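J.: My structure file my_file.csv, CSV, C-alpha atoms and all ligand atoms, is below:
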chain,number,residue,atom,x,y,z
H,1,MET,CA,-42.9,-7.7,-13.6
H,2,LEU,CA,-46.1,-6.7,-11.8
H,3,ALA,CA,-47.8,-3.4,-12.5
H,4,PRO,CA,-48.6,-1.4,-9.4
H,5,GLU,CA,-52.4,-1.9,-9.7
H,6,GLU,CA,-51.9,-5.7,-9.7
H,7,ILE,CA,-50.5,-5.6,-6.1
H,8,GLY,CA,-53.9,-4.4,-4.9
H,9,ALA,CA,-53.5,-1.7,-2.2
H,10,PRO,CA,-55.9,-2.0,0.6
H,11,VAL,CA,-58.3,0.9,1.2
H,12,GLU,CA,-56.5,1.5,4.5
H,13,GLY,CA,-53.2,0.3,5.5
H,14,MET,CA,-49.8,0.0,4.0
H,15,ARG,CA,-48.5,-2.0,1.0
H,16,LEU,CA,-45.4,-3.5,2.4
H,17,LEU,CA,-42.5,-5.4,0.8
H,18,VAL,CA,-40.7,-7.5,3.4
H,19,VAL,CA,-37.3,-8.7,2.2
H,20,SER,CA,-36.2,-11.8,4.0
H,21,THR,CA,-32.8,-13.1,4.8
H,22,PRO,CA,-30.5,-14.3,1.9
H,23,VAL,CA,-28.8,-17.0,4.0
H,24,GLY,CA,-31.4,-19.7,2.8
H,25,PRO,CA,-35.0,-20.5,2.2
H,26,LEU,CA,-37.5,-19.8,4.9
H,27,GLY,CA,-38.8,-22.7,6.8
H,28,ARG,CA,-35.7,-24.8,7.3
H,29,GLY,CA,-34.0,-23.0,10.2
H,30,ARG,CA,-31.0,-21.6,8.4
H,31,GLY,CA,-32.2,-18.0,9.1
H,32,GLY,CA,-32.3,-18.7,12.8
H,33,GLY,CA,-34.5,-16.3,14.8
H,34,VAL,CA,-34.9,-14.0,11.8
H,35,GLU,CA,-37.3,-16.6,10.3
H,36,HIS,CA,-39.4,-16.6,13.3
H,37,THR,CA,-39.4,-12.8,13.6
H,38,GLY,CA,-40.2,-12.4,10.0
H,39,ALA,CA,-43.2,-14.7,10.3
H,40,MET,CA,-44.5,-12.8,13.4
H,41,ILE,CA,-44.1,-9.5,11.6
H,42,VAL,CA,-45.9,-10.6,8.5
H,43,ALA,CA,-48.7,-12.4,10.3
H,44,GLY,CA,-49.2,-9.4,12.6
H,45,LEU,CA,-49.2,-6.8,9.8
H,46,LEU,CA,-51.7,-8.9,7.8
H,47,SER,CA,-54.0,-9.1,10.8
H,48,ARG,CA,-53.9,-5.3,10.9
H,49,GLY,CA,-55.1,-5.1,7.4
H,50,HIS,CA,-51.9,-4.3,5.6
H,51,ALA,CA,-51.0,-5.9,2.3
H,52,VAL,CA,-47.8,-7.8,2.6
H,53,THR,CA,-45.5,-9.2,0.0
H,54,VAL,CA,-42.5,-11.4,1.2
H,55,LEU,CA,-39.4,-11.6,-1.0
H,56,ALA,CA,-37.3,-14.6,-0.1
H,57,ALA,CA,-35.1,-17.4,-1.3
H,58,GLU,CA,-36.4,-20.0,-3.8
H,59,GLY,CA,-37.9,-22.9,-1.9
H,60,SER,CA,-39.2,-20.7,1.0
H,61,GLN,CA,-42.4,-21.7,2.7
H,62,LEU,CA,-44.5,-19.3,4.8
H,63,PRO,CA,-46.3,-20.6,7.9
H,64,PRO,CA,-50.1,-20.9,7.7
H,65,ALA,CA,-50.5,-17.6,9.7
H,66,CYS,CA,-48.9,-15.8,6.7
H,67,ALA,CA,-51.0,-17.5,4.1
H,68,ALA,CA,-52.6,-14.1,3.0
H,69,ALA,CA,-49.2,-12.7,2.1
H,70,ARG,CA,-47.9,-12.8,-1.4
H,71,LEU,CA,-44.6,-14.8,-1.7
H,72,TRP,CA,-42.0,-13.8,-4.3
H,73,CYS,CA,-39.0,-16.1,-4.6
H,74,GLU,CA,-35.7,-15.7,-6.2
H,75,PRO,CA,-33.0,-18.3,-6.9
H,76,GLY,CA,-29.3,-17.8,-6.2
H,77,ALA,CA,-26.4,-18.8,-4.1
H,78,PRO,CA,-27.0,-18.1,-0.4
H,79,GLN,CA,-25.1,-15.3,1.4
H,80,PRO,CA,-22.6,-16.4,4.0
H,81,SER,CA,-23.6,-15.2,7.5
H,82,TRP,CA,-21.6,-12.2,8.8
H,83,GLN,CA,-21.1,-13.6,12.2
H,84,HIS,CA,-18.9,-16.4,11.0
H,85,GLY,CA,-16.2,-14.3,9.4
H,86,PRO,CA,-13.5,-12.2,11.0
H,87,ARG,CA,-14.4,-8.7,12.2
H,88,GLU,CA,-12.3,-7.2,9.4
H,89,ALA,CA,-14.0,-9.3,6.7
H,90,PRO,CA,-14.7,-7.4,3.4
H,91,VAL,CA,-18.2,-7.3,1.9
H,92,GLN,CA,-18.6,-10.5,-0.1
H,93,ILE,CA,-21.3,-11.6,-2.5
H,94,PRO,CA,-21.0,-15.0,-4.1
H,95,ALA,CA,-21.2,-15.5,-7.9
H,96,ASP,CA,-24.9,-16.1,-8.9
H,97,GLY,CA,-25.7,-14.5,-5.5
H,98,LEU,CA,-29.2,-14.5,-4.1
H,99,LEU,CA,-28.7,-11.2,-2.3
H,100,PRO,CA,-28.4,-9.0,-5.4
H,101,ARG,CA,-31.3,-10.9,-7.0
H,102,LEU,CA,-33.5,-10.1,-4.1
H,103,TRP,CA,-32.6,-6.4,-4.1
H,104,GLN,CA,-32.8,-6.1,-7.9
H,105,ARG,CA,-36.4,-7.4,-7.7
H,106,ALA,CA,-37.1,-5.1,-4.7
H,107,LEU,CA,-35.8,-2.1,-6.6
H,108,GLU,CA,-37.7,-3.0,-9.8
H,109,GLN,CA,-40.9,-3.3,-7.9
H,110,GLN,CA,-40.5,-0.6,-5.3
H,111,SER,CA,-43.1,1.8,-6.8
H,112,CYS,CA,-45.7,-0.9,-6.0
H,113,PHE,CA,-45.1,-0.4,-2.3
H,114,ASP,CA,-45.4,2.2,0.4
H,115,LEU,CA,-42.5,0.8,2.4
H,116,ILE,CA,-39.8,-1.8,2.1
H,117,LEU,CA,-38.8,-3.6,5.3
H,118,ASN,CA,-35.4,-5.3,5.3
H,119,LEU,CA,-34.8,-8.2,7.6
H,120,SER,CA,-31.4,-9.2,6.4
H,121,TYR,CA,-28.2,-8.3,8.1
H,122,ASP,CA,-26.2,-7.5,5.0
H,123,TRP,CA,-24.3,-4.6,3.6
H,124,LEU,CA,-26.1,-4.2,0.3
H,125,PRO,CA,-29.6,-3.3,1.6
H,126,PHE,CA,-28.2,-0.9,4.3
H,127,TRP,CA,-26.1,0.8,1.6
H,128,LEU,CA,-29.1,1.1,-0.7
H,129,SER,CA,-31.1,3.1,2.0
H,130,CYS,CA,-30.6,6.6,0.6
H,131,PHE,CA,-31.0,5.6,-3.0
H,132,THR,CA,-34.5,4.0,-3.0
H,133,THR,CA,-37.5,6.0,-3.9
H,134,THR,CA,-39.7,4.0,-1.6
H,135,PRO,CA,-38.6,4.3,2.1
H,136,LEU,CA,-36.5,1.4,3.2
H,137,ALA,CA,-36.5,0.4,6.9
H,138,HIS,CA,-34.2,-2.1,8.5
H,139,LEU,CA,-34.8,-4.4,11.5
H,140,VAL,CA,-31.2,-5.0,12.6
H,141,SER,CA,-31.0,-8.6,13.7
H,142,MET,CA,-27.6,-8.9,15.2
H,143,GLY,CA,-25.2,-6.8,17.3
H,144,SER,CA,-21.8,-5.7,16.0
H,145,VAL,CA,-20.0,-8.6,14.2
H,146,ALA,CA,-18.0,-6.9,11.5
H,147,LEU,CA,-16.5,-3.5,10.8
H,148,ALA,CA,-18.0,-3.1,7.4
H,149,MET,CA,-21.5,-3.7,8.8
H,150,ASP,CA,-21.0,-1.4,11.7
H,151,GLU,CA,-20.0,1.3,9.3
H,152,VAL,CA,-23.0,0.9,7.0
H,153,ILE,CA,-25.5,0.6,9.8
H,154,GLU,CA,-24.0,3.7,11.5
H,155,ALA,CA,-24.2,5.6,8.2
H,156,VAL,CA,-27.9,4.9,8.0
H,157,ALA,CA,-28.3,5.9,11.7
H,158,HIS,CA,-26.7,9.3,10.9
H,159,TRP,CA,-28.7,9.9,7.8
H,160,ARG,CA,-32.2,8.8,9.0
H,161,PRO,CA,-32.1,7.2,12.5
H,162,GLY,CA,-35.8,6.4,12.3
H,163,ARG,CA,-35.1,3.9,9.5
H,164,LEU,CA,-33.5,1.5,12.0
H,165,ALA,CA,-35.0,-0.6,14.7
H,166,PHE,CA,-33.3,-3.0,17.1
H,167,HIS,CA,-34.5,-5.9,19.3
H,168,THR,CA,-32.8,-4.9,22.6
H,169,ALA,CA,-30.8,-2.1,24.2
H,170,SER,CA,-27.8,-4.3,24.7
H,171,GLN,CA,-27.8,-5.1,20.9
H,172,ALA,CA,-28.2,-1.4,19.9
H,173,ALA,CA,-25.4,-0.4,22.3
H,174,ASP,CA,-23.0,-2.1,20.0
H,175,PHE,CA,-23.4,0.7,17.5
H,176,ARG,CA,-22.5,4.4,17.7
H,177,LEU,CA,-25.9,5.8,17.2
H,178,PRO,CA,-26.6,9.6,17.2
H,179,THR,CA,-30.0,9.2,18.9
H,180,PRO,CA,-31.6,6.7,21.3
H,181,PRO,CA,-32.5,3.5,19.4
H,182,ARG,CA,-36.0,2.4,18.6
H,183,LEU,CA,-36.4,-1.0,20.4
H,184,VAL,CA,-39.1,-3.4,19.2
H,185,GLY,CA,-38.2,-6.6,21.2
H,186,ASN,CA,-39.8,-9.6,19.6
H,187,GLY,CA,-43.1,-11.3,19.5
H,188,PHE,CA,-44.4,-14.9,19.9
H,189,ASP,CA,-47.7,-16.6,19.1
H,190,LEU,CA,-48.1,-17.7,22.7
H,191,ASP,CA,-51.1,-19.9,22.0
H,192,ARG,CA,-48.7,-22.2,20.3
H,193,TYR,CA,-46.6,-22.6,23.4
H,194,GLN,CA,-48.2,-24.5,26.3
H,195,PRO,CA,-46.7,-25.2,29.7
H,196,PRO,CA,-47.2,-28.9,30.6
H,197,PRO,CA,-48.7,-29.9,34.0
H,198,ALA,CA,-46.1,-29.7,36.8
H,199,ALA,CA,-46.0,-33.4,37.2
H,200,ALA,CA,-44.8,-33.9,33.6
H,201,VAL,CA,-41.6,-31.9,34.2
H,202,GLN,CA,-38.5,-34.1,33.9
H,203,PRO,CA,-35.0,-34.1,35.5
H,204,ALA,CA,-33.4,-32.7,32.3
H,205,LEU,CA,-32.0,-29.4,31.2
H,206,GLY,CA,-32.7,-27.8,27.8
H,207,TRP,CA,-30.7,-25.7,25.3
H,208,ALA,CA,-31.8,-24.6,21.8
H,209,GLY,CA,-30.3,-22.6,19.0
H,210,ARG,CA,-28.2,-23.0,15.9
H,211,ILE,CA,-25.4,-25.4,16.8
H,212,ALA,CA,-22.6,-22.9,16.1
H,213,PRO,CA,-19.7,-21.5,18.2
H,214,GLU,CA,-21.2,-18.1,19.0
H,215,LYS,CA,-24.0,-19.9,20.8
H,216,GLY,CA,-21.7,-21.4,23.4
H,217,LEU,CA,-23.3,-24.9,23.7
H,218,GLU,CA,-20.1,-26.2,25.2
H,219,ASP,CA,-20.7,-24.3,28.5
H,220,ALA,CA,-24.2,-25.6,28.8
H,221,ALA,CA,-23.0,-29.1,28.2
H,222,ARG,CA,-20.2,-28.8,30.8
H,223,VAL,CA,-22.6,-27.5,33.4
H,224,ALA,CA,-25.1,-30.3,32.6
H,225,ALA,CA,-22.3,-32.8,33.1
H,226,ARG,CA,-21.3,-31.2,36.4
H,227,LEU,CA,-24.9,-31.5,37.6
H,228,GLY,CA,-25.3,-35.0,36.3
H,229,LEU,CA,-28.3,-34.1,34.2
H,230,PRO,CA,-29.0,-34.7,30.5
H,231,LEU,CA,-29.0,-31.7,28.2
H,232,ARG,CA,-31.6,-31.9,25.5
H,233,VAL,CA,-30.5,-29.9,22.5
H,234,TRP,CA,-32.7,-28.6,19.7
H,235,GLY,CA,-31.6,-26.7,16.7
H,236,LEU,CA,-30.0,-26.7,13.3
H,237,ARG,CA,-26.5,-28.3,13.2
H,238,GLU,CA,-24.9,-25.3,11.4
H,239,ASP,CA,-21.4,-26.4,12.2
H,240,GLY,CA,-21.0,-30.1,12.4
H,241,ALA,CA,-17.3,-30.1,13.4
H,242,TYR,CA,-18.1,-27.8,16.3
H,243,ALA,CA,-21.0,-30.1,17.5
H,244,GLU,CA,-18.6,-33.0,17.6
H,245,VAL,CA,-16.0,-31.1,19.6
H,246,VAL,CA,-18.7,-30.2,22.1
H,247,GLU,CA,-19.9,-33.7,22.4
H,248,ARG,CA,-16.4,-35.1,22.9
H,249,ALA,CA,-15.8,-32.6,25.8
H,250,VAL,CA,-18.5,-34.2,28.0
H,251,PRO,CA,-19.3,-37.7,29.2
H,252,PRO,CA,-21.2,-39.8,26.6
H,253,GLY,CA,-24.9,-39.4,27.0
H,254,THR,CA,-24.7,-35.9,28.4
H,255,ILE,CA,-26.1,-34.4,25.2
H,256,ASP,CA,-29.4,-35.6,23.9
H,257,TRP,CA,-29.5,-34.3,20.3
H,258,ARG,CA,-33.2,-33.7,19.4
H,259,GLY,CA,-32.7,-32.0,15.9
H,260,PHE,CA,-34.4,-29.0,14.5
H,261,LEU,CA,-38.1,-29.4,15.1
H,262,PRO,CA,-41.1,-27.4,13.9
H,263,THR,CA,-42.5,-25.0,16.6
H,264,ASP,CA,-45.3,-27.3,17.7
H,265,ARG,CA,-43.1,-30.2,18.5
H,266,PHE,CA,-40.3,-28.0,19.7
H,267,GLN,CA,-42.5,-26.4,22.4
H,268,ALA,CA,-44.0,-29.7,23.5
H,269,GLU,CA,-40.5,-31.1,24.3
H,270,LEU,CA,-39.1,-27.8,25.6
H,271,GLY,CA,-41.8,-27.5,28.3
H,272,LEU,CA,-40.7,-30.8,29.9
H,273,CYS,CA,-37.3,-29.4,30.9
H,274,ARG,CA,-36.6,-28.3,34.5
H,275,VAL,CA,-34.4,-25.4,33.4
H,276,PHE,CA,-33.4,-23.9,30.1
H,277,LEU,CA,-29.8,-22.8,29.6
H,278,ASN,CA,-28.7,-19.9,27.4
H,279,THR,CA,-25.0,-19.4,27.1
H,280,PRO,CA,-24.1,-17.0,24.2
H,281,LYS,CA,-20.5,-16.1,23.5
H,282,TRP,CA,-21.6,-13.1,21.5
H,283,ASN,CA,-23.8,-10.1,22.1
H,284,GLU,CA,-27.0,-12.0,21.3
H,285,ALA,CA,-29.4,-9.5,19.8
H,286,PHE,CA,-32.5,-10.9,21.5
H,287,GLY,CA,-32.6,-14.7,22.1
H,288,ASN,CA,-35.9,-16.0,20.9
H,289,VAL,CA,-35.4,-19.4,22.5
H,290,VAL,CA,-35.3,-17.7,25.9
H,291,VAL,CA,-38.8,-16.3,25.6
H,292,GLU,CA,-40.1,-19.5,24.0
H,293,ALA,CA,-38.8,-21.5,26.9
H,294,MET,CA,-40.5,-19.1,29.4
H,295,ALA,CA,-43.7,-19.3,27.4
H,296,CYS,CA,-43.6,-23.1,28.1
H,297,GLY,CA,-43.1,-22.3,31.8
H,298,VAL,CA,-39.4,-23.2,31.8
H,299,PRO,CA,-37.2,-20.9,34.0
H,300,ILE,CA,-33.9,-19.7,32.4
H,301,ALA,CA,-30.3,-19.9,33.6
H,302,ALA,CA,-28.4,-17.5,31.3
H,303,TYR,CA,-25.3,-15.5,31.0
H,304,ALA,CA,-25.8,-11.8,31.8
H,305,ARG,CA,-24.9,-10.9,28.2
H,306,GLY,CA,-26.8,-9.4,25.3
H,307,GLY,CA,-30.6,-9.8,24.9
H,308,PRO,CA,-30.9,-12.8,27.3
H,309,GLY,CA,-29.3,-10.6,30.0
H,310,GLU,CA,-32.2,-8.2,29.5
H,311,LEU,CA,-34.9,-10.8,29.2
H,312,VAL,CA,-34.1,-12.7,32.3
H,313,LEU,CA,-35.1,-11.1,35.6
H,314,GLU,CA,-33.2,-12.6,38.4
H,315,GLY,CA,-35.5,-14.6,40.8
H,316,HIS,CA,-38.6,-14.0,38.7
H,317,ASN,CA,-38.3,-15.8,35.4
H,318,GLY,CA,-34.7,-17.1,35.7
H,319,ALA,CA,-31.3,-16.6,37.1
H,320,LEU,CA,-28.2,-14.8,35.7
H,321,ALA,CA,-24.6,-15.8,35.8
H,322,ALA,CA,-21.4,-13.8,35.0
H,323,PRO,CA,-20.6,-14.6,31.3
H,324,ASP,CA,-18.3,-17.6,30.7
H,325,ASP,CA,-18.2,-18.5,34.4
H,326,LEU,CA,-19.3,-22.2,34.6
H,327,GLN,CA,-19.5,-22.2,38.4
H,328,ALA,CA,-21.8,-19.2,38.4
H,329,LEU,CA,-23.9,-20.9,35.7
H,330,GLU,CA,-24.2,-24.0,37.7
H,331,ALA,CA,-25.4,-21.9,40.7
H,332,ALA,CA,-27.8,-20.1,38.4
H,333,VAL,CA,-29.3,-23.4,37.3
H,334,ARG,CA,-29.9,-24.4,40.9
H,335,ARG,CA,-31.6,-21.0,41.6
H,336,ALA,CA,-33.7,-21.2,38.5
H,337,ALA,CA,-34.9,-24.8,39.2
H,338,VAL,CA,-36.9,-23.7,42.2
H,339,LEU,CA,-38.7,-20.7,40.6
H,340,ASP,CA,-42.5,-20.5,40.0
H,341,ARG,CA,-43.0,-21.8,36.4
H,342,SER,CA,-46.3,-19.9,36.0
H,343,ALA,CA,-44.5,-16.6,36.6
H,344,CYS,CA,-42.3,-17.4,33.5
H,345,ARG,CA,-45.3,-17.9,31.3
H,346,ARG,CA,-47.0,-14.7,32.6
H,347,TRP,CA,-43.9,-12.7,32.0
H,348,ALA,CA,-43.8,-13.9,28.3
H,349,GLU,CA,-47.5,-13.0,27.9
H,350,GLN,CA,-47.0,-9.5,29.3
H,351,HIS,CA,-44.0,-8.5,27.3
H,352,HIS,CA,-43.8,-10.6,24.1
H,353,GLY,CA,-47.3,-11.5,22.9
H,354,PRO,CA,-48.1,-11.0,19.3
H,355,ALA,CA,-50.3,-8.0,19.7
H,356,VAL,CA,-47.9,-5.9,21.6
H,357,PHE,CA,-45.1,-6.8,19.1
H,358,THR,CA,-47.2,-5.9,16.1
H,359,GLN,CA,-48.1,-2.6,17.7
H,360,ARG,CA,-44.4,-1.7,18.2
H,361,ILE,CA,-43.6,-2.7,14.5
H,362,GLU,CA,-46.6,-0.8,13.1
H,363,ALA,CA,-45.8,2.3,15.2
H,364,TRP,CA,-42.2,2.2,13.8
H,365,LEU,CA,-43.3,1.8,10.2
H,366,HIS,CA,-45.9,4.6,10.5
H,367,ALA,CA,-43.1,6.8,11.9
H,368,VAL,CA,-40.8,5.9,8.9
H,369,LEU,CA,-43.6,6.8,6.5
H,370,ALA,CA,-44.3,10.1,8.3
H,371,GLU,CA,-40.6,11.0,8.1
H,372,GLY,CA,-40.4,10.0,4.4
H,401,LIG,N1,-36.0,-23.3,16.6
H,401,LIG,C1,-36.9,-24.2,16.0
H,401,LIG,N2,-36.8,-25.5,16.2
H,401,LIG,C2,-35.8,-26.1,16.9
H,401,LIG,C3,-34.8,-25.2,17.5
H,401,LIG,C4,-35.0,-23.8,17.3
H,401,LIG,O1,-37.8,-23.7,15.4
H,401,LIG,O2,-35.7,-27.3,17.0
H,401,LIG,C5,-36.1,-21.9,16.4
H,401,LIG,C6,-36.6,-21.2,17.6
H,401,LIG,O3,-38.0,-21.2,17.7
H,401,LIG,C7,-36.0,-19.7,17.4
H,401,LIG,C8,-34.9,-19.9,16.4
H,401,LIG,O4,-34.9,-21.3,16.0
H,401,LIG,O5,-37.0,-18.9,17.0
H,401,LIG,C9,-33.5,-19.5,17.0
H,401,LIG,O6,-33.6,-18.1,17.3
H,401,LIG,P1,-32.6,-17.4,18.3
H,401,LIG,O7,-33.0,-15.9,18.4
H,401,LIG,O8,-32.7,-18.1,19.6
H,401,LIG,O9,-31.2,-17.5,17.7
H,401,LIG,P2,-30.5,-17.2,16.3
H,401,LIG,O10,-30.5,-18.5,15.6
H,401,LIG,O11,-31.4,-16.2,15.6
H,401,LIG,O12,-29.1,-16.7,16.6
Can you give me the file's structure in the form of structure tokens?
T.:
Amino acid sequence: MLAPEEIGAPVEGMRLLVVSTPVGPLGRGRGGGVEHTGAMIVAGLLSRGHAVTVLAAEGSQLPPACAAARLWCEPGAPQPSWQHGPREAPVQIPADGLLPRLWQRALEQQSCFDLILNLSYDWLPFWLSCFTTTPLAHLVSMGSVALAMDEVIEAVAHWRPGRLAFHTASQAADFRLPTPPRLVGNGFDLDRYQPPPAAAVQPALGWAGRIAPEKGLEDAARVAARLGLPLRVWGLREDGAYAEVVERAVPPGTIDWRGFLPTDRFQAELGLCRVFLNTPKWNEAFGNVVVEAMACGVPIAAYARGGPGELVLEGHNGALAAPDDLQALEAAVRRAAVLDRSACRRWAEQHHGPAVFTQRIEAWLHAVLAEG
């Protein structure tokens, strides 16, 4: 165990412990958007002179922008994702679980830090909130997916509402909160996303995300088939059986599986699409891929549901369709296809650049510290 003086507090700034998701090691896509968000937060806070330690699953890798962070890893069985169980599911922790190991280490080391930031959507860290001696803040990464999680999140909200932050208003509206939520949106290192020249854009649609039922890939595939355009799909194949069902539902060749790519390759391919589809079946908390596509100059056709419903401004950076309405989605793709691609990029720059996101996170963490 490290003594507090070994952590090395900066003269100014906070000593932060960022506890990552227990669903798997960082760098392989299992954590979905949380991995990206965590990396942006860590890089942003480091750039502001804070000392950051990341606590994550064994085998995790931090991106180069986070090289100045200390990485602590713990072994253990990954935690099942809450969104894949029934709403009534009990709290479950597997034998040899990673989640309790992460939090045991966080609690053992808490006196070395000014603040602990939890990025995982799990019952245990929320429940621990009022028992830590170092303030524990939570960035809630999903909307309501299970009653036990609603209960524990709402309990923190009633005890210390300032300890919670959400990505979007639609996400926060899933919970019964006693005060208006703190919204932090999300941030992207926009220099890493470059719109290609207009002549390079190809007659193809794009879709990205974990290949899992709550992401609604089947609707995007059906609309691509109706329009006679290929659908390029990027993302981790989280549910192989679901992927096969989706593929069988459309004519062969409709889906062009591109796999899970590192950001640099992902953005290079993404920018070539005419329109990017986002078709969540759940209350998507934010929808990173929507802003990433915009950053590459790609207009969006999305369901008016959850975060993407807030991020897409009809006629400006994309077009919205009534949720689960394939005809409306097809019409939205046609409207989005003729939009000014540079306006999409500009919108991403104005609202989701790294500096503005870091400011929102830092302001929140300062407020948590001030409240104690
Ligand atoms: N992603 C990636 N490579 C790919 C496809 C996706 O790195 O080939 C990343 C993408 O950049 C995004 C994340 O996967 O940050 C998915 O996040 P999102 O918020 O869209 O959905 P989530 O998986 O969190 O539900």
J.: Could you list the protein, DNA and RNA residues that have any atom within 6 Å of ligand LIG 401 (chain H), counting all atoms listed in the file, and write them as a PDB file with C-alpha atoms, in the frame of the given file?
T.:
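Written out: result_26.pdb:
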ATOM      1  CA  GLY H  32     -32.300 -18.700  12.800  1.00  0.00           C
ATOM      2  CA  GLY H  33     -34.500 -16.300  14.800  1.00  0.00           C
ATOM      3  CA  VAL H  34     -34.900 -14.000  11.800  1.00  0.00           C
ATOM      4  CA  HIS H  36     -39.400 -16.600  13.300  1.00  0.00           C
ATOM      5  CA  ALA H 208     -31.800 -24.600  21.800  1.00  0.00           C
ATOM      6  CA  GLY H 209     -30.300 -22.600  19.000  1.00  0.00           C
ATOM      7  CA  ARG H 210     -28.200 -23.000  15.900  1.00  0.00           C
ATOM      8  CA  TRP H 234     -32.700 -28.600  19.700  1.00  0.00           C
ATOM      9  CA  GLY H 235     -31.600 -26.700  16.700  1.00  0.00           C
ATOM     10  CA  GLY H 259     -32.700 -32.000  15.900  1.00  0.00           C
ATOM     11  CA  PHE H 260     -34.400 -29.000  14.500  1.00  0.00           C
ATOM     12  CA  LEU H 261     -38.100 -29.400  15.100  1.00  0.00           C
ATOM     13  CA  PRO H 262     -41.100 -27.400  13.900  1.00  0.00           C
ATOM     14  CA  THR H 263     -42.500 -25.000  16.600  1.00  0.00           C
ATOM     15  CA  PHE H 266     -40.300 -28.000  19.700  1.00  0.00           C
ATOM     16  CA  PHE H 286     -32.500 -10.900  21.500  1.00  0.00           C
ATOM     17  CA  GLY H 287     -32.600 -14.700  22.100  1.00  0.00           C
ATOM     18  CA  ASN H 288     -35.900 -16.000  20.900  1.00  0.00           C
ATOM     19  CA  VAL H 289     -35.400 -19.400  22.500  1.00  0.00           C
TER      20      VAL H 289
END
J.: For Ala221 of chain H, find every residue with an atom within 12 Å (counting all atoms listed in the file), except residues of its own chain fewer than 4 positions away, and show them as a ChimeraX atom specification.
T.: /H:204-208,215-217,225-233,243,245-257,276-279,326,329-330
J.: Give me a file of those residues, with C-alpha atoms, as an mmCIF file, in the frame of the given file.
T.:
data_model
loop_
_atom_site.group_PDB
_atom_site.id
_atom_site.type_symbol
_atom_site.label_atom_id
_atom_site.label_comp_id
_atom_site.auth_asym_id
_atom_site.auth_seq_id
_atom_site.Cartn_x
_atom_site.Cartn_y
_atom_site.Cartn_z
ATOM 1 C CA ALA H 204 -33.400 -32.700 32.300
ATOM 2 C CA LEU H 205 -32.000 -29.400 31.200
ATOM 3 C CA GLY H 206 -32.700 -27.800 27.800
ATOM 4 C CA TRP H 207 -30.700 -25.700 25.300
ATOM 5 C CA ALA H 208 -31.800 -24.600 21.800
ATOM 6 C CA LYS H 215 -24.000 -19.900 20.800
ATOM 7 C CA GLY H 216 -21.700 -21.400 23.400
ATOM 8 C CA LEU H 217 -23.300 -24.900 23.700
ATOM 9 C CA ALA H 225 -22.300 -32.800 33.100
ATOM 10 C CA ARG H 226 -21.300 -31.200 36.400
ATOM 11 C CA LEU H 227 -24.900 -31.500 37.600
ATOM 12 C CA GLY H 228 -25.300 -35.000 36.300
ATOM 13 C CA LEU H 229 -28.300 -34.100 34.200
ATOM 14 C CA PRO H 230 -29.000 -34.700 30.500
ATOM 15 C CA LEU H 231 -29.000 -31.700 28.200
ATOM 16 C CA ARG H 232 -31.600 -31.900 25.500
ATOM 17 C CA VAL H 233 -30.500 -29.900 22.500
ATOM 18 C CA ALA H 243 -21.000 -30.100 17.500
ATOM 19 C CA VAL H 245 -16.000 -31.100 19.600
ATOM 20 C CA VAL H 246 -18.700 -30.200 22.100
ATOM 21 C CA GLU H 247 -19.900 -33.700 22.400
ATOM 22 C CA ARG H 248 -16.400 -35.100 22.900
ATOM 23 C CA ALA H 249 -15.800 -32.600 25.800
ATOM 24 C CA VAL H 250 -18.500 -34.200 28.000
ATOM 25 C CA PRO H 251 -19.300 -37.700 29.200
ATOM 26 C CA PRO H 252 -21.200 -39.800 26.600
ATOM 27 C CA GLY H 253 -24.900 -39.400 27.000
ATOM 28 C CA THR H 254 -24.700 -35.900 28.400
ATOM 29 C CA ILE H 255 -26.100 -34.400 25.200
ATOM 30 C CA ASP H 256 -29.400 -35.600 23.900
ATOM 31 C CA TRP H 257 -29.500 -34.300 20.300
ATOM 32 C CA PHE H 276 -33.400 -23.900 30.100
ATOM 33 C CA LEU H 277 -29.800 -22.800 29.600
ATOM 34 C CA ASN H 278 -28.700 -19.900 27.400
ATOM 35 C CA THR H 279 -25.000 -19.400 27.100
ATOM 36 C CA LEU H 326 -19.300 -22.200 34.600
ATOM 37 C CA LEU H 329 -23.900 -20.900 35.700
ATOM 38 C CA GLU H 330 -24.200 -24.000 37.700
#
J.: From the list H:Val18, H:Leu270, H:Ala331, H:Leu147, which residue is nearest Leu117 of chain H when using all atoms listed in the file?
T.: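 Going through H:Val18, H:Leu270, H:Ala331, H:Leu147 one by one, the smallest distance to Leu117 of chain H is for H:Val18.
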J.: Give me, please, the distance in Å between atom CA of Gly49 of chain H and atom CA of Thr358 of chain H, quoted to one decimal.
T.: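 Those two atoms sit 11.8 Å apart.
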J.: Could you pull the residues within 12 Å of segment 87-97 of chain H, counting all atoms listed in the file, minus those fewer than 3 positions along the same chain, as a count of residues only?
T.: 34
J.: To one decimal in Å, tell me the separation between atom CA of Ser342 of chain H and atom CA of Gly307 of chain H.
T.: 21.7 Å
J.: May I ask for the distance between atom CA of Ala172 of chain H and atom CA of Gly143 of chain H, given in Å to one decimal place?
T.: 6.7 Å
J.: Which residue out of H:Leu45, H:Cys73, H:Ala165, H:Leu119 has the minimum interatomic distance to Trp364 of chain H when all atoms listed in the file are used?
T.: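 For Trp364 of chain H, the nearest of the given residues is H:Ala165.
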J.: Which residue out of H:Ala343, H:Ala302, H:Ala268, H:Ala328 has the minimum interatomic distance to Tyr193 of chain H when all atoms listed in the file are used?
T.: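 With all atoms listed in the file as the atom set, the closest residue is H:Ala268.
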J.: For Leu55 of chain H, list every protein, DNA or RNA residue within 6 Å, evaluated using only C-alpha atoms, and leave out those in the same chain fewer than 4 positions away; present the list as a PyMOL selection string.
T.: chain H and resi 19-20+72-73
